[in-house]
file protein35.pdb (PDB, C-alpha atoms)
ATOM      1  CA  MET O   4       8.522 -91.448  52.889
ATOM      2  CA  SER O   5      10.143 -94.377  54.662
ATOM      3  CA  GLU O   6       8.021 -93.806  57.749
ATOM      4  CA  GLU O   7       4.863 -93.913  55.623
ATOM      5  CA  LEU O   8       5.927 -97.201  54.026
ATOM      6  CA  ASP O   9       6.688 -98.671  57.443
ATOM      7  CA  ALA O  10       3.232 -97.625  58.638
ATOM      8  CA  VAL O  11       1.596 -99.254  55.604
ATOM      9  CA  GLU O  12       3.589-102.470  56.105
ATOM     10  CA  THR O  13       2.649-102.572  59.783
ATOM     11  CA  ALA O  14      -1.018-102.050  58.922
ATOM     12  CA  LEU O  15      -0.906-104.844  56.322
ATOM     13  CA  GLU O  16       0.753-107.279  58.722
ATOM     14  CA  SER O  17      -1.686-106.527  61.539
ATOM     15  CA  ALA O  18      -4.650-106.854  59.173
ATOM     16  CA  ALA O  19      -3.366-110.219  57.947
ATOM     17  CA  THR O  20      -2.812-111.615  61.427
ATOM     18  CA  SER O  21      -6.065-110.352  62.929
ATOM     19  CA  PRO O  22      -9.324-112.235  62.322
ATOM     20  CA  LYS O  23     -11.600-111.113  59.520
ATOM     21  CA  SER O  24     -14.682-110.967  61.723
ATOM     22  CA  VAL O  25     -15.413-111.713  65.381
ATOM     23  CA  SER O  26     -18.592-112.038  67.393
ATOM     24  CA  VAL O  27     -18.017-112.097  71.147
ATOM     25  CA  ASP O  28     -21.355-113.196  72.640
ATOM     26  CA  GLY O  29     -22.139-115.649  69.870
ATOM     27  CA  ARG O  30     -18.564-116.987  70.008
ATOM     28  CA  SER O  31     -17.908-116.966  66.306
ATOM     29  CA  ALA O  32     -14.744-115.979  64.515
ATOM     30  CA  GLU O  33     -13.746-115.968  60.875
ATOM     31  CA  SER O  34     -10.115-115.968  59.774
ATOM     32  CA  ARG O  35      -8.556-114.548  56.638
ATOM     33  CA  SER O  36      -8.820-116.578  53.469
ATOM     34  CA  VAL O  37      -5.842-118.514  52.194
ATOM     35  CA  ASP O  38      -5.909-116.431  49.021
ATOM     36  CA  ASP O  39      -5.491-113.213  51.018
ATOM     37  CA  LEU O  40      -2.580-114.681  52.976
ATOM     38  CA  LEU O  41      -0.901-115.922  49.785
ATOM     39  CA  LYS O  42      -1.256-112.475  48.209
ATOM     40  CA  LEU O  43       0.386-110.936  51.283
ATOM     41  CA  ALA O  44       3.219-113.476  51.122
ATOM     42  CA  ALA O  45       3.764-112.722  47.423
ATOM     43  CA  TYR O  46       3.801-108.992  48.185
ATOM     44  CA  GLN O  47       6.374-109.486  50.948
ATOM     45  CA  ALA O  48       8.563-111.659  48.688
ATOM     46  CA  ALA O  49       8.424-109.110  45.869
ATOM     47  CA  LYS O  50       9.243-106.292  48.270
ATOM     48  CA  ASP O  51      12.208-108.217  49.685
ATOM     49  CA  ALA O  52      13.487-109.068  46.205
ATOM     50  CA  ALA O  53      13.223-105.452  45.080
ATOM     51  CA  SER O  54      15.049-104.152  48.126
ATOM     52  CA  SER O  55      17.925-106.637  48.014
ATOM     53  CA  ASN O  56      21.299-105.142  47.216
ATOM     54  CA  VAL O  57      22.297-107.451  44.402
ATOM     55  CA  ALA O  58      24.982-105.872  42.246
ATOM     56  CA  GLY O  59      24.034-105.776  38.596
ATOM     57  CA  PHE O  60      20.340-106.418  39.172
ATOM     58  CA  GLY O  61      20.674-110.033  38.049
ATOM     59  CA  MET O  62      22.596-109.168  34.898
ATOM     60  CA  ARG O  63      26.214-109.987  34.166
ATOM     61  CA  PHE O  64      28.300-108.458  31.410
ATOM     62  CA  GLN O  65      31.361-110.159  30.005
ATOM     63  CA  LYS O  66      33.692-109.566  27.122
ATOM     64  CA  ILE O  67      33.249-112.023  24.277
ATOM     65  CA  ARG O  68      36.507-113.657  23.310
ATOM     66  CA  PRO O  69      36.585-115.864  20.264
ATOM     67  CA  PRO O  70      38.453-119.146  20.662
ATOM     68  CA  GLY O  71      42.168-118.876  19.933
ATOM     69  CA  ALA O  72      42.301-115.115  20.487
ATOM     70  CA  GLY O  73      43.893-115.576  23.882
TER      71      GLY O  73
END
call {"tool": "encode", "arguments": {"input": "protein35.pdb", "output": "structure tokens"}}
result
Amino acid sequence: MSEELDAVETALESAATSPKSVSVDGRSAESRSVDDLLKLAAYQAAKDAASSNVAGFGMRFQKIRPPGAG
């Protein structure tokens, strides 16, 4: 499963860095849109946040002690 996810991530990164369309003899090239690159960046940030090893998943539990109870 991990190998499949790595392959998908590699494919996404190579697709984002490669041009959208290229014409060799006519010398034209078209890059990816900013929206596509922002979506990829948001995906990467969400993936990194989900895979971080934060204890408690952002939640903290404490005992409630009323004042004067020591």
call {"tool": "axis_aligned_box", "arguments": {"input": "protein35.pdb", "around": "region 44-54 of chain O", "padding_each_side": "3 Å", "output": "lines of an AutoDock Vina configuration file"}}
result
center_x = 9.1
center_y = -108.8
center_z = 48.1
size_x = 17.8
size_y = 15.3
size_z = 12.0
call {"tool": "resolve_selection", "arguments": {"input": "protein35.pdb", "expression": "the PyMOL selection byres ((chain O and resi 7-22) around 7)", "output": "list in words"}}
result
Met4, Ser5, Glu6, Lys23, Ser24, Val25, Ala32, Glu33, Ser34, Arg35 and Leu40 of chain O
call {"tool": "atom_distance", "arguments": {"input": "protein35.pdb", "atom1": "CA of Leu41 (chain O)", "atom2": "CA of Ser54 (chain O)"}}
result
19.9 Å
